[in-house]
Structure formats: C-alpha cells, structure tokens
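*Asks:* I am sharing upload.txt, which consists of compact mmCIF, C-alpha atoms and all ligand atoms:
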```
# COMPACT_ATOMS: atom_id res chain seq x y z
CA MET A 168 217.39 -5.68 78.91
CA SER A 169 219.65 -8.44 77.66
CA ARG A 170 222.00 -7.33 74.91
CA ILE A 171 221.95 -9.14 71.60
CA ALA A 172 225.02 -9.92 69.51
CA TYR A 173 225.28 -11.10 65.93
CA VAL A 174 227.73 -13.98 65.49
CA ASN A 175 228.18 -15.64 62.10
CA GLY A 176 224.58 -15.52 60.99
CA ARG A 177 222.84 -15.77 64.37
CA TYR A 178 221.43 -13.23 66.81
CA THR A 179 222.29 -14.43 70.31
CA PRO A 180 222.07 -13.02 73.86
CA LEU A 181 225.49 -11.50 74.52
CA ALA A 182 226.15 -13.81 77.46
CA GLN A 183 225.85 -16.82 75.16
CA ALA A 184 227.68 -15.36 72.16
CA ARG A 185 230.73 -17.49 71.33
CA VAL A 186 233.52 -17.80 68.81
CA HIS A 187 235.81 -20.80 68.44
CA ILE A 188 239.13 -20.81 70.37
CA GLU A 189 240.95 -21.43 67.10
CA ASP A 190 239.54 -18.30 65.53
CA ARG A 191 242.48 -16.51 63.93
CA GLY A 192 241.36 -13.28 65.52
CA TYR A 193 241.93 -14.86 68.92
CA GLN A 194 245.25 -16.48 68.00
CA PHE A 195 246.86 -13.98 65.63
CA ALA A 196 244.80 -10.76 65.86
CA ASP A 197 244.17 -11.67 62.21
CA GLY A 198 241.17 -9.44 61.65
CA VAL A 199 239.78 -5.95 61.33
CA TYR A 200 237.05 -3.88 62.95
CA GLU A 201 234.93 -0.76 62.82
CA VAL A 202 233.15 1.30 65.47
CA VAL A 203 230.18 3.26 64.12
CA GLU A 204 228.33 5.86 66.13
CA VAL A 205 224.56 5.60 66.52
CA PHE A 206 223.00 8.99 67.20
CA GLN A 207 219.25 9.38 67.74
CA GLY A 208 218.77 5.93 66.26
CA ALA A 209 220.71 6.68 63.05
CA LEU A 210 224.11 5.42 61.93
CA ILE A 211 226.64 8.22 61.53
CA ASP A 212 228.89 8.04 58.46
CA GLU A 213 227.91 4.44 57.69
CA GLN A 214 229.20 4.53 54.10
CA ARG A 215 232.66 5.77 55.05
CA HIS A 216 232.92 3.06 57.73
CA LEU A 217 231.85 0.33 55.28
CA ASP A 218 234.33 1.63 52.70
CA ARG A 219 237.15 1.61 55.24
CA LEU A 220 236.17 -1.89 56.38
CA ALA A 221 236.35 -3.09 52.77
CA ARG A 222 239.79 -1.50 52.40
CA SER A 223 241.09 -3.07 55.64
CA LEU A 224 239.83 -6.48 54.49
CA ARG A 225 241.51 -6.08 51.09
CA GLU A 226 244.80 -5.11 52.74
CA LEU A 227 244.72 -8.30 54.84
CA ARG A 228 243.33 -10.38 51.92
CA ILE A 229 240.30 -11.48 53.92
CA ALA A 230 237.10 -12.02 51.93
CA ALA A 231 234.09 -9.88 52.87
CA PRO A 232 231.86 -12.02 55.10
CA LEU A 233 228.71 -10.41 53.67
CA GLY A 234 227.88 -7.99 50.88
CA ASP A 235 227.32 -4.37 51.93
CA GLY A 236 223.55 -4.73 51.59
CA ALA A 237 223.41 -7.70 53.95
CA LEU A 238 225.81 -6.02 56.36
CA ARG A 239 223.61 -2.93 56.46
CA ILE A 240 220.67 -5.17 57.38
CA VAL A 241 222.67 -6.77 60.22
CA LEU A 242 223.62 -3.33 61.58
CA ARG A 243 219.96 -2.27 61.58
CA GLU A 244 218.87 -5.53 63.23
CA ILE A 245 221.46 -5.05 65.97
CA ILE A 246 220.27 -1.48 66.54
CA ALA A 247 216.62 -2.60 66.64
CA ARG A 248 217.14 -5.70 68.79
CA ASN A 249 219.19 -3.72 71.32
CA LYS A 250 216.78 -0.75 71.20
CA LEU A 251 219.87 1.35 70.58
CA ARG A 252 219.20 5.06 70.30
CA ASP A 253 222.56 6.53 71.30
CA GLY A 254 225.74 4.51 71.37
CA PHE A 255 227.89 2.50 68.99
CA VAL A 256 227.89 -0.63 66.94
CA TYR A 257 231.11 -2.63 66.90
CA LEU A 258 231.81 -4.95 64.03
CA GLN A 259 234.71 -7.31 63.68
CA VAL A 260 235.75 -9.60 60.86
CA THR A 261 238.51 -12.20 61.23
CA ARG A 262 240.03 -14.61 58.76
CA GLY A 263 238.03 -17.39 60.40
CA VAL A 264 238.64 -20.63 62.26
CA ALA A 265 241.54 -22.96 61.38
CA ARG A 266 244.20 -25.10 63.04
CA ARG A 267 246.92 -22.75 64.28
CA ASP A 268 249.41 -22.09 61.50
CA HIS A 269 250.81 -18.73 60.44
CA PHE A 270 250.15 -19.35 56.75
CA PHE A 271 246.72 -18.45 55.42
CA PRO A 272 244.50 -21.54 55.74
CA ASP A 273 243.98 -23.23 52.39
CA PRO A 274 241.19 -23.43 51.41
CA PRO A 275 240.21 -20.19 53.16
CA PRO A 276 237.74 -20.70 56.03
CA ARG A 277 234.57 -18.65 56.21
CA PRO A 278 235.51 -15.26 57.74
CA SER A 279 234.01 -14.73 61.20
CA LEU A 280 231.70 -11.76 61.62
CA VAL A 281 230.65 -10.40 65.01
CA VAL A 282 228.47 -7.33 65.53
CA THR A 283 227.62 -5.92 68.96
CA ALA A 284 225.91 -2.80 70.28
CA ARG A 285 226.90 -0.53 73.11
CA LEU A 286 224.56 1.97 74.66
CA ASN A 287 225.97 5.17 76.06
CA ASP A 288 224.72 8.05 78.09
CA PRO A 289 224.90 11.18 75.88
CA ALA A 290 224.74 13.47 78.94
CA LYS A 291 227.85 11.83 80.44
CA ILE A 292 229.77 12.12 77.19
CA GLU A 293 228.77 15.76 76.76
CA ALA A 294 229.89 16.52 80.32
CA LYS A 295 233.31 15.03 79.57
CA ALA A 296 233.64 17.07 76.37
CA ALA A 297 232.55 20.24 78.18
CA HIS A 298 235.44 19.68 80.59
CA GLY A 299 237.97 18.71 77.96
CA ILE A 300 240.51 15.93 78.37
CA GLY A 301 244.19 15.63 79.17
CA VAL A 302 246.55 13.69 76.92
CA THR A 303 249.95 12.17 77.66
CA SER A 304 252.65 11.67 75.04
CA MET A 305 253.89 8.12 74.52
CA PRO A 306 256.21 6.53 71.98
CA ASP A 307 254.35 5.14 68.97
CA LEU A 308 255.35 1.47 69.22
CA ARG A 309 252.80 0.17 66.72
CA TRP A 310 253.58 -1.77 63.56
CA LYS A 311 254.15 0.24 60.39
CA ARG A 312 250.61 -0.15 58.96
CA PRO A 313 248.32 1.57 61.47
CA ASP A 314 246.32 2.75 58.44
CA ILE A 315 244.72 -0.72 58.48
CA LYS A 316 242.10 -0.94 61.22
CA THR A 317 243.26 -4.28 62.59
CA ILE A 318 242.22 -5.75 65.92
CA ASN A 319 245.92 -5.89 66.89
CA LEU A 320 245.69 -3.01 69.35
CA ILE A 321 248.16 -4.06 72.04
CA ALA A 322 250.50 -1.07 71.48
CA ASN A 323 247.46 1.23 71.66
CA VAL A 324 246.22 -0.55 74.79
CA LEU A 325 249.57 -0.19 76.57
CA ALA A 326 249.96 3.47 75.57
CA LYS A 327 246.43 4.35 76.66
CA GLN A 328 246.79 2.49 79.96
CA ALA A 329 250.08 4.29 80.72
CA ALA A 330 248.38 7.61 79.88
CA LYS A 331 245.48 6.73 82.20
CA GLU A 332 247.90 5.93 85.01
CA GLN A 333 249.26 9.46 84.55
CA GLY A 334 245.78 10.93 84.86
CA SER A 335 245.02 11.40 81.14
CA SER A 336 242.21 10.08 78.97
CA GLU A 337 244.22 9.60 75.80
CA ALA A 338 247.79 8.93 74.67
CA TRP A 339 249.31 11.04 71.90
CA LEU A 340 251.71 8.82 70.03
CA ILE A 341 255.13 10.14 69.02
CA GLY A 342 256.77 8.59 65.97
CA ASP A 343 260.49 7.87 65.60
CA ASP A 344 260.91 11.29 63.97
CA GLY A 345 259.60 13.01 67.12
CA MET A 346 256.35 14.04 65.44
CA ILE A 347 252.87 13.23 66.76
CA THR A 348 251.09 10.64 64.65
CA GLU A 349 247.68 10.30 66.33
CA GLY A 350 245.96 9.28 69.55
CA GLY A 351 245.72 5.76 70.95
CA SER A 352 242.15 5.56 69.61
CA SER A 353 241.61 8.94 67.96
CA ASN A 354 243.15 11.41 65.51
CA ALA A 355 245.12 14.34 66.97
CA TRP A 356 244.67 18.00 66.01
CA ILE A 357 246.09 21.33 67.09
CA ILE A 358 245.20 24.91 66.28
CA THR A 359 248.27 27.12 65.88
CA PRO A 360 248.54 30.61 67.43
CA ASP A 361 247.53 32.08 64.03
CA GLY A 362 244.34 29.96 63.96
CA THR A 363 245.35 27.24 61.49
CA LEU A 364 244.06 23.73 62.17
CA VAL A 365 246.78 21.10 61.79
CA THR A 366 246.52 17.32 61.67
CA HIS A 367 248.76 14.51 60.41
CA PRO A 368 248.32 13.75 56.69
CA VAL A 369 246.58 10.55 55.66
CA ASN A 370 249.29 8.00 54.89
CA ASN A 371 250.50 4.66 56.30
CA GLY A 372 251.40 6.37 59.60
CA ILE A 373 247.86 6.90 60.90
CA LEU A 374 244.36 5.52 60.69
CA SER A 375 242.38 7.60 58.23
CA GLY A 376 239.62 8.58 60.64
CA VAL A 377 236.06 8.75 59.42
CA THR A 378 235.35 11.55 61.88
CA ARG A 379 238.48 13.32 60.65
CA ALA A 380 237.24 13.11 57.04
CA THR A 381 233.77 14.41 57.86
CA LEU A 382 235.25 17.17 59.98
CA MET A 383 237.31 18.31 56.98
CA THR A 384 234.05 19.04 55.15
CA LEU A 385 232.77 21.01 58.12
CA ILE A 386 236.05 22.93 58.42
CA GLY A 387 235.83 23.82 54.72
CA SER A 388 232.25 25.01 55.03
CA LEU A 389 233.16 27.24 57.98
CA GLY A 390 236.02 28.77 55.97
CA LEU A 391 238.67 27.73 58.52
CA ARG A 392 242.29 27.23 57.46
CA VAL A 393 243.59 23.68 57.71
CA GLU A 394 246.95 22.09 57.00
CA GLU A 395 247.52 18.35 56.75
CA ARG A 396 251.09 18.08 57.97
CA ARG A 397 252.98 16.56 60.84
CA PHE A 398 253.47 18.53 64.05
CA SER A 399 255.81 18.08 66.99
CA LEU A 400 255.09 17.90 70.70
CA ALA A 401 256.76 21.33 71.06
CA GLU A 402 254.35 22.78 68.51
CA ALA A 403 251.43 21.15 70.32
CA HIS A 404 252.57 22.73 73.60
CA ALA A 405 252.55 26.14 71.90
CA ALA A 406 249.11 25.58 70.32
CA ARG A 407 246.13 27.80 70.98
CA GLU A 408 243.79 24.80 71.05
CA ALA A 409 243.98 21.06 70.62
CA PHE A 410 241.41 18.33 70.18
CA VAL A 411 240.87 14.70 69.22
CA THR A 412 238.40 13.10 66.83
CA SER A 413 236.90 9.61 66.68
CA ALA A 414 233.54 7.92 66.30
CA THR A 415 233.37 7.58 70.08
CA SER A 416 234.70 11.00 71.15
CA LEU A 417 233.47 13.00 68.08
CA VAL A 418 235.37 16.24 68.56
CA THR A 419 236.70 16.45 72.11
CA PRO A 420 238.81 19.41 73.27
CA VAL A 421 242.24 18.66 74.75
CA VAL A 422 242.97 20.98 77.66
CA SER A 423 246.34 19.64 78.76
CA ILE A 424 249.31 17.86 77.24
CA ASP A 425 251.70 16.07 79.61
CA GLY A 426 250.19 18.07 82.47
CA SER A 427 250.73 21.51 80.87
CA PRO A 428 247.65 23.51 79.91
CA VAL A 429 246.79 24.05 76.25
CA GLY A 430 245.96 27.74 75.76
CA ASP A 431 244.12 28.87 78.88
CA GLY A 432 243.52 25.25 79.94
CA LYS A 433 239.84 25.31 78.98
CA PRO A 434 238.09 23.82 75.93
CA GLY A 435 238.80 26.16 73.02
CA PRO A 436 236.07 28.00 71.10
CA VAL A 437 236.91 26.47 67.72
CA ALA A 438 237.00 22.87 68.97
CA SER A 439 233.76 23.45 70.89
CA ARG A 440 232.07 24.90 67.79
CA LEU A 441 233.24 21.99 65.63
CA ARG A 442 231.81 19.58 68.18
CA GLU A 443 228.46 21.40 68.25
CA ARG A 444 228.22 21.41 64.46
CA PHE A 445 229.44 17.87 63.87
CA HIS A 446 226.09 16.10 64.10
CA VAL A 447 224.44 18.81 62.03
CA ILE A 448 226.51 17.91 58.99
CA ALA A 449 227.52 14.25 59.50
CA PRO A 450 225.65 11.85 57.17
CA ARG A 451 222.94 9.83 58.97
CA THR A 452 221.32 6.66 57.71
CA ARG A 453 218.56 4.53 59.17
N1 LIG B 501 239.09 4.19 67.22
N2 LIG B 501 243.08 6.52 65.19
C1 LIG B 501 242.98 5.37 65.88
C2 LIG B 501 244.22 4.66 66.26
C3 LIG B 501 241.71 4.85 66.21
O1 LIG B 501 241.62 3.69 66.87
C4 LIG B 501 240.55 5.58 65.85
C5 LIG B 501 239.17 5.09 66.18
C6 LIG B 501 240.70 6.80 65.15
C7 LIG B 501 239.52 7.63 64.71
O2 LIG B 501 238.83 7.00 63.66
P1 LIG B 501 237.27 7.24 63.47
O3 LIG B 501 237.07 8.72 63.39
O4 LIG B 501 236.98 6.57 62.18
O5 LIG B 501 236.56 6.62 64.64
C8 LIG B 501 241.99 7.22 64.84
C9 LIG B 501 237.84 3.53 67.54
C10 LIG B 501 236.75 4.48 67.90
C11 LIG B 501 238.11 2.48 68.59
O6 LIG B 501 239.10 1.79 68.45
O7 LIG B 501 237.32 2.33 69.53
```
Can the structure in the file be given as structure tokens, please?
Ligand code: PDD
*Replies:*
Amino acid sequence: MSRIAYVNGRYTPLAQARVHIEDRGYQFADGVYEVVEVFQGALIDEQRHLDRLARSLRELRIAAPLGDGALRIVLREIIARNKLRDGFVYLQVTRGVARRDHFFPDPPPRPSLVVTARLNDPAKIEAKAAHGIGVTSMPDLRWKRPDIKTINLIANVLAKQAAKEQGSSEAWLIGDDGMITEGGSSNAWIITPDGTLVTHPVNNGILSGVTRATLMTLIGSLGLRVEERRFSLAEAHAAREAFVTSATSLVTPVVSIDGSPVGDGKPGPVASRLRERFHVIAPRTR
C-alpha cells in the first residue's frame, strides 16, 4: 500500500511529497513537531499533543497553520488514507518558505504543515518492552530550551547514535550539574529503593512529555508515591527500577544503565504494571 502524506493542503503519495528547498525548517530547523500514537485506530492523548504544539508555535512566534478543528480533520484523514490502526502520526510545522535570512521573513510566509503516518507492529514493540532496554549516559549538549518541541534534534541524534554504538537503545542526558534531564527522545524515570517514583520536574530543562503527564494520573490513581525532582546517575544506578516514557515507547522498562544492571536486570514489576495500564486510562479520540 502506498503511504499518503499531507503537505500544505494536499494529500500526496509519500514518494511524491515535497517541500521547497528554502523552507526554513530545512535551512534553520525553524519549526516544531509532534508525534501522536495511534492505538486500535484511535489517537492517544490528542488534546495534550495539540496543546503542546500550540505552545511550541507560540514560543517560536510561528502562526498556527490551521485551526485545531481543521488539524483534527487532517489527522483523521491521514489515519484513514493510510489505513492506520497501530502506529503514529507525525506532524511538523515550520515558519515557511523564504529567501535565506536569519531574521523572520516580513511579511510572514504561510507556515508549512506536513503530516505523515507510520505503521508499526505492536507485537514487535511489546517484545522489546518485555525485554527492557539499556540506556547509556551522555552529556546533554542541547540548547537551553528543550521544553520547546523543535525539529532541531541534532544533539539528540548524536547522543542516541553514540548510545546505539555502545549497545543501548536510548541515551540518558546528563546536564551540567551532573543530574539526568531526560532521554534523547523520552522522559527518564527511576524508582528508589523505598519505592518512590522520581522524574525531572517540568521546567525549561526537559520536554514536558504527554506520556509523562498521563502517567502521572495513572500513578495517582494507583496510590504510588512520586517526586518530581532531579536525580543523579549515581542515584539511578542504585534504583530498584527505571523506565522511559514517550508516545513511541509508552512505558518501557530500563534494565541497564551504562552496562550495569538496574535492580535484578529484568523489567521491574511497577514499570511493567504502568505499561499494562497505560492504554486503559489514556484518552482516546477517533
Ligand atoms: N519524542 N523528551 C524528548 C526529548 C522527546 O523527544 C520526547 C518524545 C519525550 C516524550 O514526550 P511524549 O511523551 O510527549 O512523546 C521526552 C518523540 C516521540 C520523538 O521525537 O519521536
């Protein structure tokens, strides 16, 4: 089946989908994005993703390319045209096309909007989660506003690639203060020996994960203790469990950090339970 992309008002076979070479996303990474999970044909946490997209656009002073209602229609069209049952939709907005110049183009061009779909194999993803993943610590070399979901991901790309070359699936980024901020494309969590869940607070130092936010509700409903505070690599090494969250990994247990096992080196019971329960409570829209 040929995949269909949405590009600036048109639905096009992916192989023919094009943006201009002077798109500011291409030249300056001047744009933002979202990745939304599609589970059993429904969008997971759509509202939170649209709210975060609106915030990212405001922070970069890019106009919304479409109203939320129209954007919701595009997401549903992309799901339908790609017969997407389980996978993700990717949406990207850039400041638009203009002659290369660092200053904002004046008058502002029409922002570029691209939406694509990616199918995945739920069985494969479940198998990976059942195994757990390894993470490798890397310096956090990103700019100082990783709370904005910009398409400028080169520091994340380099950290994740280096982690992969050391046999891990994710990088855990260490800030200048020696504390873990988050993963290369996920939020980082540990569970302390006394059973408290710990994750970095929401501030300019991390991306405020949608999965993280929804998981907080689940954690509350299960009566688990949680602290939003920074934690060090040493504390992570001493943790009983660790895991990552994102729209693509949901809740995935971390079984090793820099090659040393976390706990007994197997996916922990709390992380596994949170993963099982996640889709039960996460908001779904069709
Ligand atoms: N990444 N932190 C970073 C740096 C991320 O890139 C992501 C998501 C998250 C988790 O956010 P959420 O729960 O809203 O997906 C945290 C997406 C999936 C990506 O870049 O592919």
*Asks:* Given a cut-off of 10 Å, what residues near ligand LIG 501 (chain B) show up using all atoms listed in the file, put as a VMD selection string?
*Replies:* chain A and resid 200 to 204 212 215 to 216 219 255 257 309 313 to 318 320 322 to 324 339 to 340 348 to 355 372 to 382 411 to 418
*Asks:* Residues of stretch 279-316 of chain A that have any atom at most 12 Å from an atom of stretch 230-251 of chain A: could you tabulate them with the shortest-distance atom pair and the distance in Å to one decimal, using all atoms listed in the file, ordered by chain and increasing number, as a tab-separated table?
*Replies:*
```
residue	atom	partner	partner_atom	distance
A:Ser279	CA	A:Pro232	CA	7.0
A:Leu280	CA	A:Pro232	CA	6.5
A:Val281	CA	A:Val241	CA	10.0
A:Val282	CA	A:Ile245	CA	7.4
A:Thr283	CA	A:Ile245	CA	6.9
A:Ala284	CA	A:Ile245	CA	6.6
A:Arg285	CA	A:Leu251	CA	7.7
A:Leu286	CA	A:Leu251	CA	6.2
A:Asn287	CA	A:Leu251	CA	9.0
A:Asp288	CA	A:Leu251	CA	11.2
```
*Asks:* Which of these, A:Gln207, A:Gln328, A:Asn370, A:Ser335, has the shortest distance to A:Ser423 once you count only C-alpha atoms?
*Replies:*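 Checking each candidate against A:Ser423, we get A:Ser335 as the closest.
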*Asks:* Can you measure atom CA of A:Arg266 to atom CA of A:Glu189 for me? One decimal in Å is fine.
*Replies:*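 Value for the atom CA of A:Arg266-atom CA of A:Glu189 distance: 6.4 Å.
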*Asks:* Report as a PyMOL selection string all protein, DNA and RNA residues lying within 7 Å of A:Glu337, evaluated on all atoms listed in the file, omitting residues in the same chain fewer than 6 positions from it.
*Replies:* chain A and resi 301-303+327+330+350-351
*Asks:* Those residues you just picked out, can you put them in a file as a JSON list (two decimals), in the coordinates of the input with C-alpha atoms?
*Replies:*
```json
[["chain", "number", "residue", "atom", "x", "y", "z"],
["A", 301, "GLY", "CA", 244.19, 15.63, 79.17],
["A", 302, "VAL", "CA", 246.55, 13.69, 76.92],
["A", 303, "THR", "CA", 249.95, 12.17, 77.66],
["A", 327, "LYS", "CA", 246.43, 4.35, 76.66],
["A", 330, "ALA", "CA", 248.38, 7.61, 79.88],
["A", 350, "GLY", "CA", 245.96, 9.28, 69.55],
["A", 351, "GLY", "CA", 245.72, 5.76, 70.95]]
```
*Asks:* In Å, with one decimal, what is the gap from atom CA of A:Ala297 to atom CA of A:Val369?
*Replies:*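 Atom-to-atom, atom CA of A:Ala297 to atom CA of A:Val369, that is 28.2 Å.
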*Asks:* One decimal, in Å: what's the spacing between atom CA of A:Ser439 and atom CA of A:Asp361?
*Replies:*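 Between these atoms lies a distance of 17.6 Å.
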*Asks:* Identify which of the residues A:Ala184, A:Val260, A:Ile357, A:Ala265 lies closest to A:Glu394, counting only C-alpha atoms when measuring atom-to-atom distances.
*Replies:*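 Selected residue with least distance to A:Glu394: A:Ile357.
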*Asks:* Could you tell me which of A:Leu217, A:Val421, A:Leu210, A:Leu441 comes closest to A:Val256 if we count all atoms listed in the file?
*Replies:*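 For A:Val256, the nearest of the given residues is A:Leu210.
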*Asks:* Pick out the closest residue to A:His269 from this set: A:Met346, A:Val393, A:Ala196, A:Ile424. Count all atoms listed in the file.
*Replies:*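 Nearest candidate to A:His269 out of A:Met346, A:Val393, A:Ala196, A:Ile424: A:Ala196.
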*Asks:* Name the closest residue to A:Thr419 among the candidates A:Ala221, A:Leu400, A:Ile300, A:Leu391; distances are taken between atoms, counting only C-alpha atoms.
*Replies:*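 With only C-alpha atoms as the atom set, the closest residue is A:Ile300.
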*Asks:* With all atoms listed in the file as the atoms that count, which of A:Ala338, A:Phe195, A:Ile292, A:Ile321 lies nearest to A:Pro306?
*Replies:*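 Checking each of A:Ala338, A:Phe195, A:Ile292, A:Ile321 against A:Pro306, counting all atoms listed in the file, the winner is A:Ala338.
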*Asks:* Write out as a ChimeraX atom specification which residues come within 7 Å of A:Ile211 when counting only C-alpha atoms, dropping same-chain ones fewer than 3 positions away.
*Replies:* /A:203-206,449-452
